[in-house]
Amino acid sequence: MKHFITVSDYTQQELNMLISRASEMKAKRAQPSLKGKNLVLLFFNSSLRTRTSFELAMQQLEGNVVTLNAGGDTWKLEIEEGVVMDGDKAEHIKDAARVLGRYADAIGIRAFAKGNDWEEDKKDPIIDAFVRYSGASVINMESSLYHPNQVLADIMTIQERYGKNLRGLPVTLTWANHPNPLPMAVPNSFLLACAIFGMDIRFVRPSGYDLDEDIMNRAHELAGESGGTISVTDDFKEGFRGSKVVYPKSWGSLRFYGKKDEEREYRKGLGRWMVDEEKMKLTDGAVFMHCLPVRRGVVVTDSVLDSERCLTYEEAENRLHAQKAVLTHILGEAP
Amino acid sequence: MKHFITVSDYTQQELNMLISRASEMKAKRAQPSLKGKNLVLLFFNSSLRTRTSFELAMQQLEGNVVTLNAGGDTWKLEIEEGVVMDGDKAEHIKDAARVLGRYADAIGIRAFAKGNDWEEDKKDPIIDAFVRYSGASVINMESSLYHPNQVLADIMTIQERYGKNLRGLPVTLTWANHPNPLPMAVPNSFLLACAIFGMDIRFVRPSGYDLDEDIMNRAHELAGESGGTISVTDDFKEGFRGSKVVYPKSWGSLRFYGKKDEEREYRKGLGRWMVDEEKMKLTDGAVFMHCLPVRRGVVVTDSVLDSERCLTYEEAENRLHAQKAVLTHILGEAP
Amino acid sequence: MKHFITVSDYTQQELNMLISRASEMKAKRAQPSLKGKNLVLLFFNSSLRTRTSFELAMQQLEGNVVTLNAGGDTWKLEIEEGVVMDGDKAEHIKDAARVLGRYADAIGIRAFAKGNDWEEDKKDPIIDAFVRYSGASVINMESSLYHPNQVLADIMTIQERYGKNLRGLPVTLTWANHPNPLPMAVPNSFLLACAIFGMDIRFVRPSGYDLDEDIMNRAHELAGESGGTISVTDDFKEGFRGSKVVYPKSWGSLRFYGKKDEEREYRKGLGRWMVDEEKMKLTDGAVFMHCLPVRRGVVVTDSVLDSERCLTYEEAENRLHAQKAVLTHILGEAP
């Protein structure tokens with residue numbers, strides 16, 4: 001049973017194989033078929049790119065696809081084990097997982113962190129339940145911890161610009177301001193992916209915005225294997241100088257996890273954490289990347305986003321091709 | 001024009017034919033095509049299994065399928081005849097039915113009982129409007145009165161375990177506790193289906209939880225024709241002893257219909273109406289069945305649901321195959 | 001890049017070509033394929049006919065189609081340019097447009113007028129953003145200003161009754177009462193379409209319910225070219241006498257735009273603006289048409305709507321065929 005939960009379950013070689021397959025499909029040199037295969041997409045949160053690109057991916061591959069809004073189209077799901085279900089949740093997630101596993105060859109899940117208790121969110125309980133109970137392949141469409149399809153498309157986009165060998169490429173992953181404390185899935189996964197590919201990662205964030213220790217340790221481990229480096233700083237010059245890729249993302253502080261009002265207060269001093277022309281000038285002609293959606297005038301200025309060095313729409317397009325590679329890898333015939 | 005509103009519109013022989021067709025497709029020995037046929041699914045209520053299995057069924061049959069959430073995706077629908085429509089309902093159901101009938105060869109409808117006035121709910125006004133006005137085949141995806149696709153899958157599941165001839169098979173249909181007064185469609189349809197197949201039905205429920213008199217009369221009539229029996233009791237020993245199938249379901253009391261608070265008060269004494277190991281021990285090694293979603297720790301204990309004798313996920317899977325049989329019966333070429 | 005924003009971007013000859021193509025498909029004499037083409041449907045508002053008929057149209061044409069509810073399935077979209085996005089809107093419409101344009105060959109958009117500020121609504125900001133930024137063909141599924149797919153189906157329906165040459169056909173477009181101030185897209189587009197086809201248009205409305213001046217001027221211009229006429233009146237006899245088509249529609253007053261309470265008060269005197277048998281008797285055996293959804297007992301009496309001269313369901317059916325013609329025109333191979 002193949003899953004796609006985090007890029008760190010895959011080697012650099014395996015990820016390169018997926019990206020090659022994606023590039024073949026993008027160039028229309030390959031048209032694999034998943035005729036007769038069944039994909040269910042289950043969304044606990046909103047989506048534009050992920051929903052559209054996964055639905056189209058499966059349709060283009062001639063497979064069957066059903067999309068469900070959990071809690072909207074379906075019943076509310078209980079996640080706790082052994083609980084007496086006399087509240088508002090009509091179905092236990094393990095029963096939903098077992099049932100959907102009877103219909104689907106693969107199940108895509110979007111389930112963001114809830115943002116109240118990091119130890120709880122860190123368990124990725126919904127992804128975990130589907131892996132344990134569904135008996136189907138599970139594809140992570142963004143969980144508390146990871147967003148592997150996003151960063152697979154990101155690596156593909158970086159390779160299109162800088163070539164297949166990314167070892168030593170200077171990349172800036174920087175925290176950005178935002179009105180809300182967002183999940184950490186994207187920075188976690190981007191950091192891990194860059195580490196797998198041996199890049200020279202500059203992780204730039206203000207005090208209080210470190211990522212989870214286990215993620216950082218895993219990233220250092222992967223960088224060690226691939227010949228990459230990770231430096232951490234809160235200094236813009238240090239973080240942006242000489243960089244080839246600027247990748248901003250906002251996320252919530254682990255220090256203030258579950259305390260939105262306190263964090264909002266703290267962030268009042270962080271308005272300068274926005275990517276603008278001045279920061280871009282520090283780089284070595286870096287491209288600008290973002291997973292989208294992005295807050296204009298908060299995370300990045302209009303002028304940077306609307307400039308020629310912006311690759312965000314290319315990243316979004318590559319989501320489609322990368323996901324077709326993931327789907328054929330998971331559901332296709334063995335070669 | 002073929003409809004699928006209630007199993008009691010079909011004979012045992014016809015239902016067996018549908019189940020045989022479903023089994024052929026489950027075993028991948030038959031792959032009929034509904035290419036060019038159009039199915040619209042209209043949901044007035046939430047769904048997990050029904051939505052997923054119907055969408056996939058039609059896709060696997062190569063037909064076209066569109067799913068609508070009534071009142072969400074679409075306009076709110078007026079049901080009353082001859083009313084001046086100056087309220088919040090923008091479209092009359094007869095106009096919606098006529099229009100959808102122009103697009104669809106078959107229309108699947110989910111429309112639960114509203115739970116305020118049984119005489120009103122008993123008319124199944126939404127199903128009725130689509131049968132009268134749409135000019136298309138109507139498939140009942142659970143109405144106030146019936147849930148025929150569920151019990152067709154249930155009978156298929158029972159036959160897989162006990163063979164095609166179910167005459168005299170001891171089956172326990174038992175009321176179960178629940179925080180809310182639920183619709184009666186499932187117990188109504190399961191009772192009718194078991195009666196059509198001549199089973200030895202034990203209907204176990206506390207005082208106040210009898211089903212509608214017309215349903216009971218029809219079930220007795222069908223049991224008379226098929227050689228089945230129906231006994232009614234509130235005694236667990238009498239109801240479970242020697243049984244081969246335990247099928248719990250919660251539903252609202254006709255005595256308290258529309259009086260939720262009174263019913264909630266009354267139910268405080270009914271917590272022991274849960275299927276547990278003790279009740280299962282009374283049976284003759286019965287299998288456990290449930291239509292899902294199910295409240296763990298309220299309707300059934302975790303240990304029974306997670307045991308090997310539990311067939312609920314098999315029932316859920318068989319929904320897909322049974323519905324493909326229904327769809328090809330209704331929309332396919334005459335043989 | 002071909003768009004379908006308003007019928008007034010097309011000539012009578014081009015619209016006739018589309019209708020001929022639609023008729024061919026309706027009669028099953030043509031079955032074009034859009035295999036491999038990708039359509040995204042983005043709904044900012046509810047829909048029954050439009051959603052169902054577009055989804056089925058694309059499936060019948062063997063193309064791929066994804067449907068999104070903006071603000072429900074997806075993020076809330078910012079429309080203003082140059083704004084600091086620190087509110088509740090997570091994504092700018094130009095970014096959503098650019099991204100969807102990477103996935104889709106054509107994008108269908110439903111975005112009603114907001115009803116607060118006519119000068120703002122008149123810009124059709126959402127349609128405009130997708131035309132400017134998506135790089136894909138844009139299909140208007142009803143905007144502030146236009147509903148071209150509706151009136152293309154309407155013209156097709158009128159031609160089925162009265163023949164291809166509609167020059168001089170007496171048609172009554174009449175305001176009707178309604179509890180809410182509705183958008184003007186349908187009357188705008190119907191007026192323009194009738195003008196393109198040279199009909200003898202009677203525009204009947206109470207004081208305060210004129211359409212936008214630019215729309216009226218454009219209609220007069222088109223009528224001048226085609227040999228049609230437009231007369232405006234608030235007199236039922238003048239408006240209905242001798243007419244062959246009665247087409248009522250309610251819309252909000254430009255005089256009271258954004259002032260719902262004032263308009264509601266004003267409308268108390270307008271209850272007689274309902275199409276009934278009496279008004280129909282003034283006509284020359286006119287057919288009755290409406291885009292649906294329609295308020296029975298408010299816009300039209302049950303007896304007129306349920307009569308044989310009512311073509312509303314034919315109009316609804318023709319939506320499917322007309323849209324297949326639009327899709328193949330926009331996405332198909334050049335002949």
# chains A, B, ... in the order shown; residues from 1 in each chain; ligands from 1
>>> interface_residues(of="chain A", to="chain C", cutoff="8 Å", atoms="only C-alpha atoms", output="tab-separated table (two decimals) with all heavy atoms, in the first residue's frame")
chain	number	residue	atom	x	y	z
A	45	ASN	N	-11.36	21.42	5.08
A	45	ASN	CA	-11.11	22.86	4.97
A	45	ASN	C	-11.23	23.30	3.52
A	45	ASN	O	-11.23	22.47	2.62
A	45	ASN	CB	-9.69	23.18	5.47
A	45	ASN	CG	-9.42	22.60	6.84
A	45	ASN	OD1	-8.91	21.50	6.97
A	45	ASN	ND2	-9.79	23.32	7.87
A	46	SER	N	-11.28	24.61	3.35
A	46	SER	CA	-11.46	25.19	2.02
A	46	SER	C	-10.27	24.91	1.11
A	46	SER	O	-9.19	24.58	1.59
A	46	SER	CB	-11.63	26.71	2.12
A	46	SER	OG	-12.83	27.02	2.77
A	47	SER	N	-10.50	25.07	-0.16
A	47	SER	CA	-9.46	24.83	-1.15
A	47	SER	C	-9.85	25.45	-2.47
A	47	SER	O	-11.01	25.49	-2.82
A	47	SER	CB	-9.28	23.32	-1.33
A	47	SER	OG	-8.50	23.07	-2.47
A	48	LEU	N	-8.88	25.92	-3.22
A	48	LEU	CA	-9.13	26.36	-4.59
A	48	LEU	C	-8.23	25.53	-5.52
A	48	LEU	O	-8.70	24.74	-6.32
A	48	LEU	CB	-8.82	27.85	-4.76
A	48	LEU	CG	-8.99	28.37	-6.19
A	48	LEU	CD1	-10.44	28.62	-6.50
A	48	LEU	CD2	-8.20	29.66	-6.39
A	49	ARG	N	-6.91	25.69	-5.38
A	49	ARG	CA	-5.94	24.99	-6.21
A	49	ARG	C	-6.02	23.47	-6.02
A	49	ARG	O	-6.03	22.72	-7.00
A	49	ARG	CB	-4.52	25.40	-5.83
A	49	ARG	CG	-4.01	26.66	-6.50
A	49	ARG	CD	-3.00	27.37	-5.62
A	49	ARG	NE	-3.70	27.92	-4.47
A	49	ARG	CZ	-4.38	29.05	-4.50
A	49	ARG	NH1	-4.43	29.77	-5.57
A	49	ARG	NH2	-5.04	29.48	-3.43
A	52	THR	N	-9.35	21.89	-7.36
A	52	THR	CA	-9.44	21.96	-8.82
A	52	THR	C	-8.39	21.08	-9.48
A	52	THR	O	-8.69	20.33	-10.42
A	52	THR	CB	-9.24	23.42	-9.29
A	52	THR	OG1	-10.15	24.25	-8.56
A	52	THR	CG2	-9.51	23.56	-10.77
A	53	SER	N	-7.16	21.14	-8.98
A	53	SER	CA	-6.08	20.40	-9.64
A	53	SER	C	-6.21	18.90	-9.41
A	53	SER	O	-5.92	18.11	-10.31
A	53	SER	CB	-4.71	20.91	-9.19
A	53	SER	OG	-4.56	20.82	-7.79
A	55	GLU	N	-9.14	17.23	-8.87
A	55	GLU	CA	-10.29	16.76	-9.66
A	55	GLU	C	-9.93	16.65	-11.14
A	55	GLU	O	-10.23	15.66	-11.81
A	55	GLU	CB	-11.50	17.68	-9.48
A	55	GLU	CG	-12.17	17.51	-8.13
A	55	GLU	CD	-13.54	18.21	-8.08
A	55	GLU	OE1	-14.19	18.39	-9.12
A	55	GLU	OE2	-13.96	18.59	-6.97
A	56	LEU	N	-9.27	17.71	-11.64
A	56	LEU	CA	-8.90	17.68	-13.06
A	56	LEU	C	-7.85	16.60	-13.32
A	56	LEU	O	-7.90	15.92	-14.35
A	56	LEU	CB	-8.38	19.04	-13.51
A	56	LEU	CG	-9.46	20.08	-13.81
A	56	LEU	CD1	-8.80	21.40	-14.22
A	56	LEU	CD2	-10.41	19.62	-14.91
A	59	GLN	N	-9.58	13.32	-13.62
A	59	GLN	CA	-10.39	13.28	-14.85
A	59	GLN	C	-9.49	13.14	-16.07
A	59	GLN	O	-9.78	12.38	-16.99
A	59	GLN	CB	-11.26	14.53	-14.98
A	59	GLN	CG	-12.41	14.57	-13.99
A	59	GLN	CD	-13.35	15.75	-14.24
A	59	GLN	OE1	-13.73	16.03	-15.37
A	59	GLN	NE2	-13.76	16.44	-13.20
A	60	GLN	N	-8.40	13.88	-16.09
A	60	GLN	CA	-7.48	13.79	-17.24
A	60	GLN	C	-6.86	12.41	-17.34
A	60	GLN	O	-6.53	11.95	-18.43
A	60	GLN	CB	-6.40	14.87	-17.13
A	60	GLN	CG	-6.95	16.29	-17.34
A	60	GLN	CD	-5.93	17.39	-17.11
A	60	GLN	OE1	-4.77	17.11	-16.86
A	60	GLN	NE2	-6.37	18.63	-17.17
A	69	ASN	N	-17.22	17.52	1.07
A	69	ASN	CA	-16.92	18.49	2.10
A	69	ASN	C	-17.29	17.88	3.44
A	69	ASN	O	-18.48	17.73	3.73
A	69	ASN	CB	-17.70	19.79	1.89
A	69	ASN	CG	-17.24	20.55	0.69
A	69	ASN	OD1	-16.05	20.57	0.36
A	69	ASN	ND2	-18.18	21.19	0.00
A	178	HIS	N	0.78	38.31	8.82
A	178	HIS	CA	-0.53	37.86	8.38
A	178	HIS	C	-1.51	38.18	9.52
A	178	HIS	O	-1.12	38.16	10.68
A	178	HIS	CB	-0.48	36.34	8.15
A	178	HIS	CG	-1.64	35.79	7.36
A	178	HIS	ND1	-2.85	35.54	7.93
A	178	HIS	CD2	-1.74	35.43	6.06
A	178	HIS	CE1	-3.67	35.05	7.00
A	178	HIS	NE2	-3.01	34.99	5.85
A	179	PRO	N	-2.78	38.46	9.21
A	179	PRO	CA	-3.70	38.73	10.32
A	179	PRO	C	-3.98	37.51	11.21
A	179	PRO	O	-4.35	37.68	12.37
A	179	PRO	CB	-4.98	39.21	9.62
A	179	PRO	CG	-4.82	38.91	8.17
A	179	PRO	CD	-3.37	38.76	7.90
A	292	LEU	N	0.34	30.17	-2.29
A	292	LEU	CA	-1.00	30.74	-2.47
A	292	LEU	C	-2.04	29.99	-1.62
A	292	LEU	O	-1.85	28.82	-1.37
A	292	LEU	CB	-1.42	30.73	-3.94
A	292	LEU	CG	-0.52	31.48	-4.93
A	292	LEU	CD1	-1.05	31.34	-6.36
A	292	LEU	CD2	-0.42	32.96	-4.55
A	293	PRO	N	-3.11	30.63	-1.14
A	293	PRO	CA	-3.44	32.04	-1.38
A	293	PRO	C	-2.50	32.95	-0.62
A	293	PRO	O	-1.97	32.58	0.41
A	293	PRO	CB	-4.86	32.16	-0.81
A	293	PRO	CG	-4.93	31.13	0.25
A	293	PRO	CD	-4.09	29.98	-0.26
A	294	VAL	N	-2.32	34.17	-1.16
A	294	VAL	CA	-1.39	35.11	-0.53
A	294	VAL	C	-2.10	36.45	-0.28
A	294	VAL	O	-2.90	36.89	-1.09
A	294	VAL	CB	-0.13	35.31	-1.40
A	294	VAL	CG1	-0.44	36.05	-2.69
A	294	VAL	CG2	0.96	36.03	-0.61
A	295	ARG	N	-1.77	37.06	0.85
A	295	ARG	CA	-2.32	38.37	1.19
A	295	ARG	C	-1.43	39.45	0.60
A	295	ARG	O	-0.31	39.69	1.07
A	295	ARG	CB	-2.35	38.53	2.71
A	295	ARG	CG	-3.16	37.46	3.42
A	295	ARG	CD	-4.55	37.96	3.66
A	295	ARG	NE	-5.34	37.01	4.43
A	295	ARG	CZ	-6.41	37.35	5.13
A	295	ARG	NH1	-6.80	38.62	5.18
A	295	ARG	NH2	-7.11	36.45	5.76
A	296	ARG	N	-1.92	40.12	-0.41
A	296	ARG	CA	-1.18	41.23	-1.00
A	296	ARG	C	-1.10	42.41	-0.01
A	296	ARG	O	-2.08	42.69	0.67
A	296	ARG	CB	-1.87	41.69	-2.28
A	296	ARG	CG	-1.72	40.69	-3.43
A	296	ARG	CD	-2.64	41.00	-4.59
A	296	ARG	NE	-2.35	40.12	-5.72
A	296	ARG	CZ	-1.59	40.48	-6.76
A	296	ARG	NH1	-1.11	41.70	-6.85
A	296	ARG	NH2	-1.34	39.61	-7.73
A	297	GLY	N	0.06	43.03	0.05
A	297	GLY	CA	0.22	44.17	0.96
A	297	GLY	C	0.45	43.76	2.39
A	297	GLY	O	0.58	44.61	3.27
A	298	VAL	N	0.50	42.45	2.66
A	298	VAL	CA	0.75	41.95	4.01
A	298	VAL	C	1.93	40.99	3.98
A	298	VAL	O	2.93	41.18	4.66
A	298	VAL	CB	-0.50	41.26	4.60
A	298	VAL	CG1	-0.22	40.74	6.00
A	298	VAL	CG2	-1.69	42.21	4.59
A	302	ASP	N	2.47	44.15	-3.94
A	302	ASP	CA	1.95	43.94	-5.30
A	302	ASP	C	3.09	43.92	-6.32
A	302	ASP	O	3.09	43.10	-7.24
A	302	ASP	CB	0.99	45.09	-5.68
A	302	ASP	CG	-0.39	44.91	-5.08
A	302	ASP	OD1	-0.80	43.76	-4.82
A	302	ASP	OD2	-1.07	45.93	-4.86
A	313	TYR	N	2.45	31.35	-10.09
A	313	TYR	CA	1.42	30.74	-10.95
A	313	TYR	C	1.97	29.48	-11.62
A	313	TYR	O	1.23	28.55	-11.91
A	313	TYR	CB	0.90	31.76	-11.95
A	313	TYR	CG	0.58	33.07	-11.24
A	313	TYR	CD1	1.37	34.20	-11.43
A	313	TYR	CD2	-0.45	33.12	-10.31
A	313	TYR	CE1	1.12	35.37	-10.72
A	313	TYR	CE2	-0.70	34.29	-9.59
A	313	TYR	CZ	0.09	35.40	-9.81
A	313	TYR	OH	-0.15	36.54	-9.09
A	316	ALA	N	1.56	26.86	-9.07
A	316	ALA	CA	0.17	26.41	-9.02
A	316	ALA	C	-0.13	25.47	-10.19
A	316	ALA	O	-0.78	24.43	-10.01
A	316	ALA	CB	-0.78	27.61	-9.04
A	317	GLU	N	0.36	25.82	-11.37
A	317	GLU	CA	0.15	24.94	-12.52
A	317	GLU	C	0.81	23.58	-12.29
A	317	GLU	O	0.24	22.53	-12.57
A	317	GLU	CB	0.68	25.54	-13.82
A	317	GLU	CG	0.43	24.57	-14.96
A	317	GLU	CD	0.99	25.00	-16.31
A	317	GLU	OE1	1.18	26.20	-16.54
A	317	GLU	OE2	1.22	24.10	-17.14
A	320	LEU	N	-0.93	20.52	-10.67
A	320	LEU	CA	-1.68	19.58	-11.52
A	320	LEU	C	-0.79	18.45	-12.02
A	320	LEU	O	-1.13	17.27	-11.89
A	320	LEU	CB	-2.27	20.34	-12.71
A	320	LEU	CG	-3.00	19.49	-13.76
A	320	LEU	CD1	-4.31	18.96	-13.21
A	320	LEU	CD2	-3.26	20.29	-15.03
>>> select_by_dssp(residues="region 56-157 of chain A", states="helix (DSSP H, G or I)", output="ChimeraX atom specification")
/A:56-60,93-103,118-121,125-133,148-157
>>> write_last_selection(atoms="C-alpha atoms", output="CSV table (one decimal), in the first residue's frame")
chain,number,residue,atom,x,y,z
A,56,LEU,CA,-8.9,17.7,-13.1
A,57,ALA,CA,-5.8,15.4,-12.6
A,58,MET,CA,-8.0,12.4,-12.0
A,59,GLN,CA,-10.4,13.3,-14.8
A,60,GLN,CA,-7.5,13.8,-17.2
A,93,ILE,CA,-13.8,8.8,11.7
A,94,LYS,CA,-12.7,5.1,11.8
A,95,ASP,CA,-16.1,4.1,10.4
A,96,ALA,CA,-16.0,6.8,7.7
A,97,ALA,CA,-12.5,5.7,6.8
A,98,ARG,CA,-13.4,2.0,6.6
A,99,VAL,CA,-16.4,2.8,4.4
A,100,LEU,CA,-14.6,5.1,2.1
A,101,GLY,CA,-11.8,2.5,1.8
A,102,ARG,CA,-14.4,0.1,0.4
A,103,TYR,CA,-15.2,2.5,-2.4
A,118,TRP,CA,0.0,21.5,19.3
A,119,GLU,CA,0.6,18.1,20.9
A,120,GLU,CA,-2.9,17.1,19.6
A,121,ASP,CA,-2.4,18.7,16.1
A,125,PRO,CA,-5.2,12.5,13.9
A,126,ILE,CA,-7.3,12.5,10.7
A,127,ILE,CA,-4.6,11.4,8.3
A,128,ASP,CA,-3.6,8.8,10.9
A,129,ALA,CA,-7.1,7.4,11.2
A,130,PHE,CA,-7.4,7.0,7.4
A,131,VAL,CA,-4.0,5.3,7.1
A,132,ARG,CA,-4.9,2.9,9.9
A,133,TYR,CA,-8.5,2.2,9.1
A,148,PRO,CA,3.7,17.3,0.3
A,149,ASN,CA,1.9,17.9,-3.0
A,150,GLN,CA,2.6,21.6,-2.7
A,151,VAL,CA,6.3,21.2,-2.2
A,152,LEU,CA,6.6,18.5,-4.8
A,153,ALA,CA,5.3,21.1,-7.3
A,154,ASP,CA,7.6,23.7,-5.7
A,155,ILE,CA,10.7,21.5,-6.3
A,156,MET,CA,9.6,20.9,-9.8
A,157,THR,CA,9.3,24.7,-10.4
>>> atom_distance(atom1="CA of Met216 (chain C)", atom2="CA of Leu169 (chain C)")
19.0 Å
>>> atom_distance(atom1="CA of Asn16 (chain C)", atom2="CA of Thr172 (chain C)")
21.5 Å
